[in-house]
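Okay, query_1.txt is below, compact mmCIF, C-alpha atoms and all ligand atoms:
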```txt
# COMPACT_ATOMS: atom_id res chain seq x y z
CA MET A 430 17.71 -32.67 50.23
CA LYS A 431 16.33 -30.41 47.53
CA THR A 432 19.53 -28.39 47.31
CA SER A 433 21.68 -31.50 46.99
CA ILE A 434 19.52 -32.77 44.09
CA LYS A 435 19.83 -29.36 42.50
CA LYS A 436 23.60 -29.45 42.95
CA LEU A 437 23.76 -32.95 41.48
CA LYS A 438 21.72 -31.88 38.45
CA LYS A 439 23.99 -28.91 37.93
CA ARG A 440 27.03 -31.18 38.19
CA ILE A 441 25.57 -33.58 35.61
CA ALA A 442 24.83 -30.69 33.25
CA ASP A 443 28.42 -29.39 33.70
CA LEU A 444 29.85 -32.84 33.01
CA ASP A 445 27.65 -33.17 29.92
CA LYS A 446 28.90 -29.85 28.63
CA ALA A 447 32.55 -30.75 29.30
CA ASN A 448 32.05 -34.10 27.61
CA LYS A 449 30.53 -32.45 24.54
CA GLU A 450 33.44 -30.00 24.32
CA LEU A 451 35.91 -32.85 24.62
CA MET A 452 34.21 -34.76 21.79
CA GLN A 453 34.27 -31.65 19.60
CA MET A 454 37.94 -31.10 20.32
CA ARG A 455 38.65 -34.72 19.48
CA SER A 456 36.78 -34.55 16.19
CA ALA A 457 38.65 -31.35 15.22
CA GLU A 458 41.96 -32.99 16.14
CA LYS A 459 41.04 -36.12 14.21
CA PHE A 460 40.13 -34.03 11.19
CA GLU A 461 43.44 -32.16 11.34
CA ALA A 462 45.41 -35.40 11.67
CA THR A 463 43.53 -37.02 8.77
CA GLY A 464 44.07 -33.92 6.66
CA ARG A 465 47.79 -33.90 7.44
CA ILE A 466 48.18 -37.56 6.45
CA ALA A 467 46.11 -37.05 3.30
CA ARG A 468 48.19 -34.04 2.24
CA THR A 469 51.49 -35.82 2.88
CA ILE A 470 50.43 -38.88 0.88
CA ALA A 471 49.00 -36.71 -1.89
CA HIS A 472 52.26 -34.80 -2.14
CA GLU A 473 54.35 -38.00 -2.16
CA ILE A 474 52.18 -39.56 -4.89
CA ARG A 475 52.14 -36.46 -7.09
CA ASN A 476 55.93 -36.42 -7.65
CA PRO A 477 56.35 -39.93 -9.12
CA LEU A 478 53.05 -39.49 -10.96
CA THR A 479 54.41 -36.44 -12.75
CA ASN A 480 57.45 -38.52 -13.79
CA ILE A 481 55.18 -41.29 -15.12
CA ASN A 482 53.23 -38.75 -17.18
CA LEU A 483 56.36 -37.14 -18.57
CA ALA A 484 57.82 -40.55 -19.49
CA VAL A 485 54.59 -41.61 -21.23
CA GLU A 486 54.43 -38.36 -23.20
CA GLN A 487 58.07 -38.81 -24.24
CA LEU A 488 57.41 -42.41 -25.34
CA GLN A 489 54.31 -41.34 -27.27
CA SER A 490 56.22 -38.67 -29.14
CA GLU A 491 59.13 -41.06 -29.88
CA LEU A 492 56.74 -43.68 -31.23
CA ASP A 493 54.77 -41.08 -33.20
CA GLY A 494 52.98 -43.26 -35.71
CA ASN A 495 55.46 -46.17 -35.55
CA THR A 496 53.33 -48.12 -33.10
CA VAL A 497 54.38 -51.59 -32.12
CA GLY A 498 51.43 -53.91 -31.45
CA SER A 499 49.10 -52.39 -28.91
CA SER A 500 51.71 -50.03 -27.43
CA GLU A 501 49.79 -46.84 -28.27
CA GLN A 502 46.66 -48.19 -26.64
CA LEU A 503 48.60 -49.22 -23.55
CA LEU A 504 50.34 -45.86 -23.28
CA GLY A 505 46.95 -44.15 -23.57
CA MET A 506 45.70 -46.36 -20.75
CA ILE A 507 48.62 -45.36 -18.50
CA HIS A 508 47.98 -41.69 -19.29
CA ARG A 509 44.25 -41.84 -18.57
CA ASN A 510 44.76 -43.67 -15.31
CA SER A 511 47.44 -41.34 -14.04
CA ASP A 512 45.14 -38.42 -14.90
CA ARG A 513 42.44 -40.14 -12.85
CA ILE A 514 44.81 -40.55 -9.88
CA ASN A 515 45.70 -36.87 -10.16
CA LEU A 516 42.02 -35.94 -10.04
CA LEU A 517 41.43 -38.16 -7.00
CA ILE A 518 44.32 -36.45 -5.23
CA THR A 519 42.94 -33.01 -6.09
CA ASP A 520 39.53 -34.02 -4.64
CA LEU A 521 41.16 -35.35 -1.48
CA LEU A 522 43.28 -32.22 -1.07
CA ASN A 523 40.31 -29.93 -1.63
CA SER A 524 38.22 -31.78 0.93
CA THR A 525 40.82 -31.44 3.69
CA LYS A 526 42.58 -28.17 2.92
CA PHE A 527 41.51 -24.98 4.66
CA SER A 528 41.07 -22.07 2.29
CA ASP A 529 40.95 -18.29 2.63
CA LEU A 530 37.40 -17.29 3.38
CA ARG A 531 35.59 -14.24 2.08
CA TYR A 532 33.28 -13.42 4.93
CA GLN A 533 29.98 -11.67 4.59
CA GLU A 534 27.19 -11.28 7.10
CA VAL A 535 23.99 -13.11 6.23
CA PRO A 536 20.83 -14.26 8.01
CA ALA A 537 21.02 -18.02 8.70
CA ASN A 538 17.49 -18.49 7.34
CA MET A 539 18.46 -16.95 4.03
CA LEU A 540 21.55 -19.15 3.82
CA LEU A 541 19.43 -22.29 4.22
CA ASP A 542 16.82 -21.06 1.71
CA GLN A 543 19.46 -20.23 -0.89
CA THR A 544 21.03 -23.67 -0.46
CA LEU A 545 17.68 -25.37 -0.77
CA GLU A 546 17.08 -23.50 -4.01
CA LEU A 547 20.02 -25.42 -5.50
CA VAL A 548 18.27 -28.75 -5.02
CA LYS A 549 14.71 -27.57 -5.65
CA ASP A 550 14.24 -29.76 -8.69
CA ARG A 551 15.45 -32.93 -7.00
CA MET A 552 13.20 -32.18 -4.02
CA LEU A 553 10.19 -31.90 -6.32
CA LEU A 554 11.15 -34.99 -8.29
CA ASN A 555 11.48 -37.08 -5.12
CA ARG A 556 8.35 -35.47 -3.62
CA ILE A 557 10.21 -34.45 -0.47
CA GLN A 558 8.26 -32.33 1.98
CA VAL A 559 10.26 -29.46 3.45
CA VAL A 560 9.34 -28.27 6.94
CA ARG A 561 10.92 -25.02 8.12
CA HIS A 562 11.17 -24.07 11.78
CA TYR A 563 13.05 -20.82 11.43
CA SER A 564 14.01 -18.59 14.31
CA GLU A 565 11.94 -15.42 14.30
CA ALA A 566 14.65 -13.46 16.04
CA GLU A 567 17.37 -12.48 13.60
CA CYS A 568 20.08 -15.10 13.56
CA ARG A 569 22.93 -13.57 11.58
CA ILE A 570 26.26 -15.20 10.86
CA SER A 571 29.50 -14.23 9.14
CA VAL A 572 30.28 -16.79 6.47
CA ASP A 573 31.89 -17.34 3.11
CA LEU A 574 28.55 -17.72 1.34
CA GLN A 575 29.73 -19.92 -1.52
CA ARG A 576 31.73 -22.27 0.72
CA MET A 577 29.00 -22.49 3.35
CA LYS A 578 26.40 -23.29 0.71
CA ILE A 579 28.57 -26.22 -0.42
CA ALA A 580 28.83 -27.40 3.20
CA LEU A 581 25.05 -27.37 3.70
CA LEU A 582 24.34 -28.72 0.24
CA ASN A 583 26.37 -31.87 0.95
CA VAL A 584 24.28 -32.52 4.08
CA ILE A 585 20.98 -31.83 2.29
CA VAL A 586 21.91 -34.01 -0.70
CA ASN A 587 22.76 -36.88 1.65
CA ALA A 588 19.38 -36.46 3.34
CA LEU A 589 17.70 -36.46 -0.05
CA GLU A 590 19.53 -39.60 -1.09
CA ALA A 591 18.64 -41.32 2.18
CA MET A 592 14.89 -40.66 2.09
CA GLU A 593 12.19 -42.66 0.37
CA GLN A 594 10.60 -41.11 -2.68
CA GLY A 595 7.23 -39.63 -1.73
CA ASP A 596 7.75 -40.23 1.99
CA GLY A 597 10.63 -37.92 2.75
CA VAL A 598 10.35 -35.08 5.23
CA LEU A 599 13.27 -32.68 5.44
CA GLU A 600 13.20 -30.48 8.50
CA LEU A 601 15.23 -27.27 8.61
CA ARG A 602 15.53 -25.45 11.92
CA THR A 603 17.42 -22.36 13.03
CA TYR A 604 17.70 -20.87 16.49
CA ALA A 605 19.91 -18.55 18.46
CA ALA A 606 21.27 -19.46 21.90
CA GLY A 607 24.18 -18.25 24.02
CA GLY A 608 25.65 -15.97 21.34
CA LYS A 609 25.57 -18.81 18.82
CA CYS A 610 23.44 -19.58 15.84
CA PHE A 611 22.32 -23.16 15.31
CA LEU A 612 21.30 -24.68 11.98
CA VAL A 613 19.65 -28.07 12.13
CA ILE A 614 19.04 -30.33 9.14
CA ARG A 615 17.02 -33.41 9.85
CA ASP A 616 15.66 -36.19 7.66
CA ASN A 617 13.39 -39.17 8.18
CA GLY A 618 15.54 -41.64 6.25
CA PRO A 619 16.92 -44.92 7.61
CA GLY A 620 19.43 -43.20 9.90
CA ILE A 621 23.01 -44.24 10.60
CA ASP A 622 24.00 -47.10 12.84
CA GLU A 623 26.29 -46.62 15.81
CA ASN A 624 29.39 -48.11 14.14
CA ALA A 625 29.13 -45.81 11.15
CA LEU A 626 28.47 -42.64 13.20
CA SER A 627 32.14 -42.08 13.97
CA LYS A 628 33.18 -42.72 10.36
CA VAL A 629 30.88 -40.58 8.23
CA PHE A 630 33.17 -37.53 8.32
CA GLU A 631 36.24 -39.56 7.34
CA PRO A 632 37.50 -39.24 3.77
CA TYR A 633 36.27 -42.05 1.49
CA TYR A 634 33.76 -43.48 3.93
CA THR A 635 30.70 -44.30 1.85
CA SER A 636 27.88 -46.83 1.80
CA LYS A 637 26.80 -45.81 -1.70
CA VAL A 638 27.71 -47.62 -4.90
CA ALA A 639 28.64 -44.44 -6.72
CA GLY A 640 29.59 -42.35 -3.66
CA ALA A 641 33.02 -40.76 -3.34
CA GLY A 642 32.75 -40.48 0.44
CA LEU A 643 34.10 -36.94 0.40
CA GLY A 644 30.87 -34.94 0.87
CA LEU A 645 30.84 -34.80 4.67
CA THR A 646 34.64 -34.49 4.82
CA THR A 647 34.31 -31.31 2.77
CA THR A 648 31.43 -30.12 4.97
CA GLN A 649 33.38 -30.66 8.18
CA ASN A 650 36.38 -28.91 6.64
CA ILE A 651 34.30 -25.83 5.77
CA ILE A 652 32.60 -25.68 9.18
CA LEU A 653 35.91 -26.03 11.06
CA ASN A 654 37.43 -23.43 8.71
CA HIS A 655 34.65 -21.10 9.97
CA HIS A 656 35.51 -22.03 13.61
CA GLY A 657 32.16 -23.73 13.87
CA VAL A 658 31.06 -27.13 15.09
CA ILE A 659 29.11 -29.84 13.28
CA SER A 660 27.56 -32.70 15.14
CA LEU A 661 25.42 -35.64 14.17
CA GLU A 662 22.77 -37.55 16.05
CA SER A 663 21.20 -40.62 14.59
CA LYS A 664 19.89 -44.04 15.36
CA LYS A 665 19.29 -46.80 12.88
CA GLY A 666 15.71 -46.45 11.66
CA GLU A 667 15.18 -42.98 13.10
CA GLY A 668 16.60 -40.59 10.54
CA ALA A 669 19.62 -38.35 10.93
CA ARG A 670 20.02 -34.92 12.46
CA PHE A 671 22.98 -32.67 11.69
CA THR A 672 23.51 -29.58 13.86
CA ILE A 673 25.82 -26.79 12.79
CA GLU A 674 26.86 -24.27 15.38
CA LEU A 675 28.31 -20.91 14.35
CA GLU A 676 29.19 -17.73 16.22
CA SER A 677 26.38 -15.14 15.85
CA SER A 678 27.47 -11.85 14.35
N1 LIG B 701 21.31 -38.32 6.13
C1 LIG B 701 21.92 -39.50 6.07
N2 LIG B 701 21.24 -40.66 6.30
C2 LIG B 701 21.86 -41.86 6.26
N3 LIG B 701 23.18 -42.02 6.01
C3 LIG B 701 23.91 -40.92 5.79
C4 LIG B 701 23.34 -39.61 5.81
N4 LIG B 701 24.32 -38.72 5.59
C5 LIG B 701 25.45 -39.44 5.42
N5 LIG B 701 25.22 -40.75 5.54
C6 LIG B 701 26.22 -41.84 5.44
O1 LIG B 701 27.51 -41.25 5.45
C7 LIG B 701 28.25 -41.65 4.29
C8 LIG B 701 29.24 -40.57 3.93
O2 LIG B 701 28.58 -39.44 3.41
P1 LIG B 701 29.37 -38.49 2.39
O3 LIG B 701 28.46 -37.41 1.98
O4 LIG B 701 30.67 -38.12 3.01
O5 LIG B 701 29.71 -39.44 1.18
P2 LIG B 701 28.73 -40.04 0.07
O6 LIG B 701 27.40 -39.35 0.13
O7 LIG B 701 28.73 -41.51 0.23
O8 LIG B 701 29.48 -39.66 -1.27
P3 LIG B 701 29.69 -38.18 -1.89
O9 LIG B 701 31.17 -37.93 -1.81
O10 LIG B 701 29.19 -38.30 -3.28
O11 LIG B 701 28.93 -37.21 -1.08
C9 LIG B 701 27.19 -41.98 3.27
O12 LIG B 701 27.66 -42.88 2.29
C10 LIG B 701 26.10 -42.61 4.13
O13 LIG B 701 26.41 -43.95 4.42
MG MG B 702 27.28 -37.25 0.14
```

Translate this structure into structure tokens?
Amino acid sequence: MKTSIKKLKKRIADLDKANKELMQMRSAEKFEATGRIARTIAHEIRNPLTNINLAVEQLQSELDGNTVGSSEQLLGMIHRNSDRINLLITDLLNSTKFSDLRYQEVPANMLLDQTLELVKDRMLLNRIQVVRHYSEAECRISVDLQRMKIALLNVIVNALEAMEQGDGVLELRTYAAGGKCFLVIRDNGPGIDENALSKVFEPYYTSKVAGAGLGLTTTQNIILNHHGVISLESKKGEGARFTIELESS
């Protein structure tokens, strides 16, 4: 009896593991597919946009002082808006394009501390309490420091934006297990409901008035670029917990 329960437990644990791996594979595939679509559309939009800009510049130089009615103003409007579209495309491309990484070996704890330093003032201003549960054993990882700081910063800024002023608790945890290094960022904000959970990494998904919805897309891009895994656990009303898993070096 005891051995069959043991076997069953082992089987459940194996299934859990396989399920987790499948989900991670799916999210990586989804990211790649989204990135491909985004890059194709961006490329297709850029060509006619360049033509529009060239035509407007030509018209502006032909008019040169001899403006008819509000034509100069309207041409300026076309120019400004096509510049804006160009910028949006650049942001989208940057958030989904893998780049060449300049690896260096760093302790995970130091990486988190250096990232936190970048938002120190906002933390103080919002009276956010930071709780560190850092691994005592050395947890070293090979990362592109600048890129990885951007990845973590996006997660920390979201946490900051989600928490109540004066009531926020940001928990940072690191630990090593099975040749991997885990970095956990947890907040006590309102959390994310089940429907939104699968969308937060998608480009342009945002619930904020002034949000671009590209922060977590960029983060996922950087983590996948490092052959790492990022996962999110959250329930409405119970805060959010992001776990980043990277190969130990
Ligand atoms: N810690 C969090 N708590 C609650 N909701 C979150 C948290 N992190 C992310 N979200 C949700 O995920 C959405 C997407 O986040 P993401 O960082 O990609 O974009 P954003 O913060 O809206 O805009 P930006 O591009 O400026 O970062 C957020 O708008 C928010 O709804
Ligand atoms: Mg954000």

Enumerate, in order of chain and increasing residue number, the residues of chain A with an atom no farther than 8 Å from ligand LIG 701 (chain B), each with its shortest atom pair and distance in Å to one decimal, counting only C-alpha atoms and all ligand atoms, as a tab-separated table.
```
residue	atom	partner	partner_atom	distance
A:Asn583	CA	B:LIG701	O3	6.0
A:Val584	CA	B:LIG701	N4	6.4
A:Ile585	CA	B:LIG701	N1	7.5
A:Val586	CA	B:LIG701	O6	7.7
A:Asn587	CA	B:LIG701	N4	4.6
A:Ala588	CA	B:LIG701	N1	3.9
A:Leu589	CA	B:LIG701	N1	7.4
A:Glu590	CA	B:LIG701	N1	7.5
A:Ala591	CA	B:LIG701	N2	4.9
A:Met592	CA	B:LIG701	N2	7.6
A:Arg615	CA	B:LIG701	N1	7.5
A:Asp616	CA	B:LIG701	N1	6.2
A:Gly618	CA	B:LIG701	N2	5.8
A:Pro619	CA	B:LIG701	C2	6.0
A:Gly620	CA	B:LIG701	C2	4.6
A:Ile621	CA	B:LIG701	C2	5.1
A:Ala625	CA	B:LIG701	O1	7.5
A:Leu626	CA	B:LIG701	O1	7.9
A:Lys628	CA	B:LIG701	O1	7.6
A:Val629	CA	B:LIG701	O1	4.4
A:Phe630	CA	B:LIG701	O4	5.9
A:Glu631	CA	B:LIG701	O4	7.2
A:Pro632	CA	B:LIG701	O4	7.0
A:Tyr633	CA	B:LIG701	O4	7.0
A:Tyr634	CA	B:LIG701	C8	5.4
A:Thr635	CA	B:LIG701	O12	3.4
A:Ser636	CA	B:LIG701	O12	4.0
A:Lys637	CA	B:LIG701	O12	5.0
A:Ala639	CA	B:LIG701	O10	7.1
A:Gly640	CA	B:LIG701	O8	3.6
A:Ala641	CA	B:LIG701	O9	3.7
A:Gly642	CA	B:LIG701	O5	3.3
A:Leu643	CA	B:LIG701	O9	3.8
A:Gly644	CA	B:LIG701	O11	3.6
A:Leu645	CA	B:LIG701	O4	3.7
A:Thr646	CA	B:LIG701	O4	5.7
A:Thr647	CA	B:LIG701	O4	7.7
A:Gly668	CA	B:LIG701	N2	6.3
A:Ala669	CA	B:LIG701	N1	5.1
A:Arg670	CA	B:LIG701	N1	7.3
```

| task | Kindly give the distance, in Å, that separates atom CA of Asn515 of chain A and atom CA of Ala457 of chain A, rounded to a single decimal. | result |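 If I compute the distance from atom CA of Asn515 of chain A to atom CA of Ala457 of chain A, I get 26.9 Å.
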
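With atom CA of Val658 of chain A on one side and atom CA of Val613 of chain A on the other, the separation reads 11.8 Å.
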
| If you count all atoms listed in the file, which residues fall within 6 Å of segment 550-557 of chain A, apart from same-chain ones fewer than 4 positions away, as a list in words? | Gln594, Gly595, Gly597 and Val598 of chain A

| Coordinates-based distance that separates atom CA of Met452 of chain A from atom CA of Tyr532 of chain A (Å, one decimal) |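 Between atom CA of Tyr532 of chain A and atom CA of Met452 of chain A the gap works out to 27.2 Å.
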
| said: Using only C-alpha atoms, can you tell me which of A:Leu504, A:Ala606, A:Leu492, A:Leu522 comes closest to Arg475 of chain A? | reply: A:Leu522

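Nearest residue to Leu530 of chain A, choosing from A:Leu503, A:Ile652, A:Cys610, A:Val638 and counting all atoms listed in the file: A:Ile652.
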
| request: Please provide the set of residues having any atom within 10 Å of Gly464 of chain A, restricted to all atoms listed in the file, with same-chain residues fewer than 2 positions apart removed, written as a ChimeraX atom specification. | output: /A:458-462,466-470,521-527,631-632,646,650

| request: Between A:Thr519, A:Thr648, A:Ser663, A:Asn476, single out the one closest to ligand MG 702 (chain B), counting all atoms listed in the file. | output: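 Closest candidate: A:Thr648.
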
| Of the listed residues A:Leu675, A:Asn624, A:Ile579, A:Glu600, that which approaches ligand MG 702 (chain B) most closely, counting all atoms listed in the file | A:Ile579

| said: Show me, as a list of chain:residue names, the residues that have an atom within 10 Å of Glu534 of chain A when counting only C-alpha atoms, minus same-chain residues fewer than 2 positions from it. | reply: A:Tyr532, A:Pro536, A:Ala537, A:Arg569, A:Ile570, A:Ser571, A:Val572, A:Asp573, A:Leu574, A:Ser677, A:Ser678

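Comparing the minimum interatomic distances between ligand MG 702 (chain B) and each of A:Leu581, A:Gly657, A:Thr432, A:Met539, counting all atoms listed in the file, we find that A:Leu581 sits nearest.
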
| field | Selected residue of minimal separation from ligand MG 702 (chain B) among A:Ala580, A:Val485, A:Leu612, A:Val559, counting only C-alpha atoms and all ligand atoms | value |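 The closest residue to ligand MG 702 (chain B) is A:Ala580.
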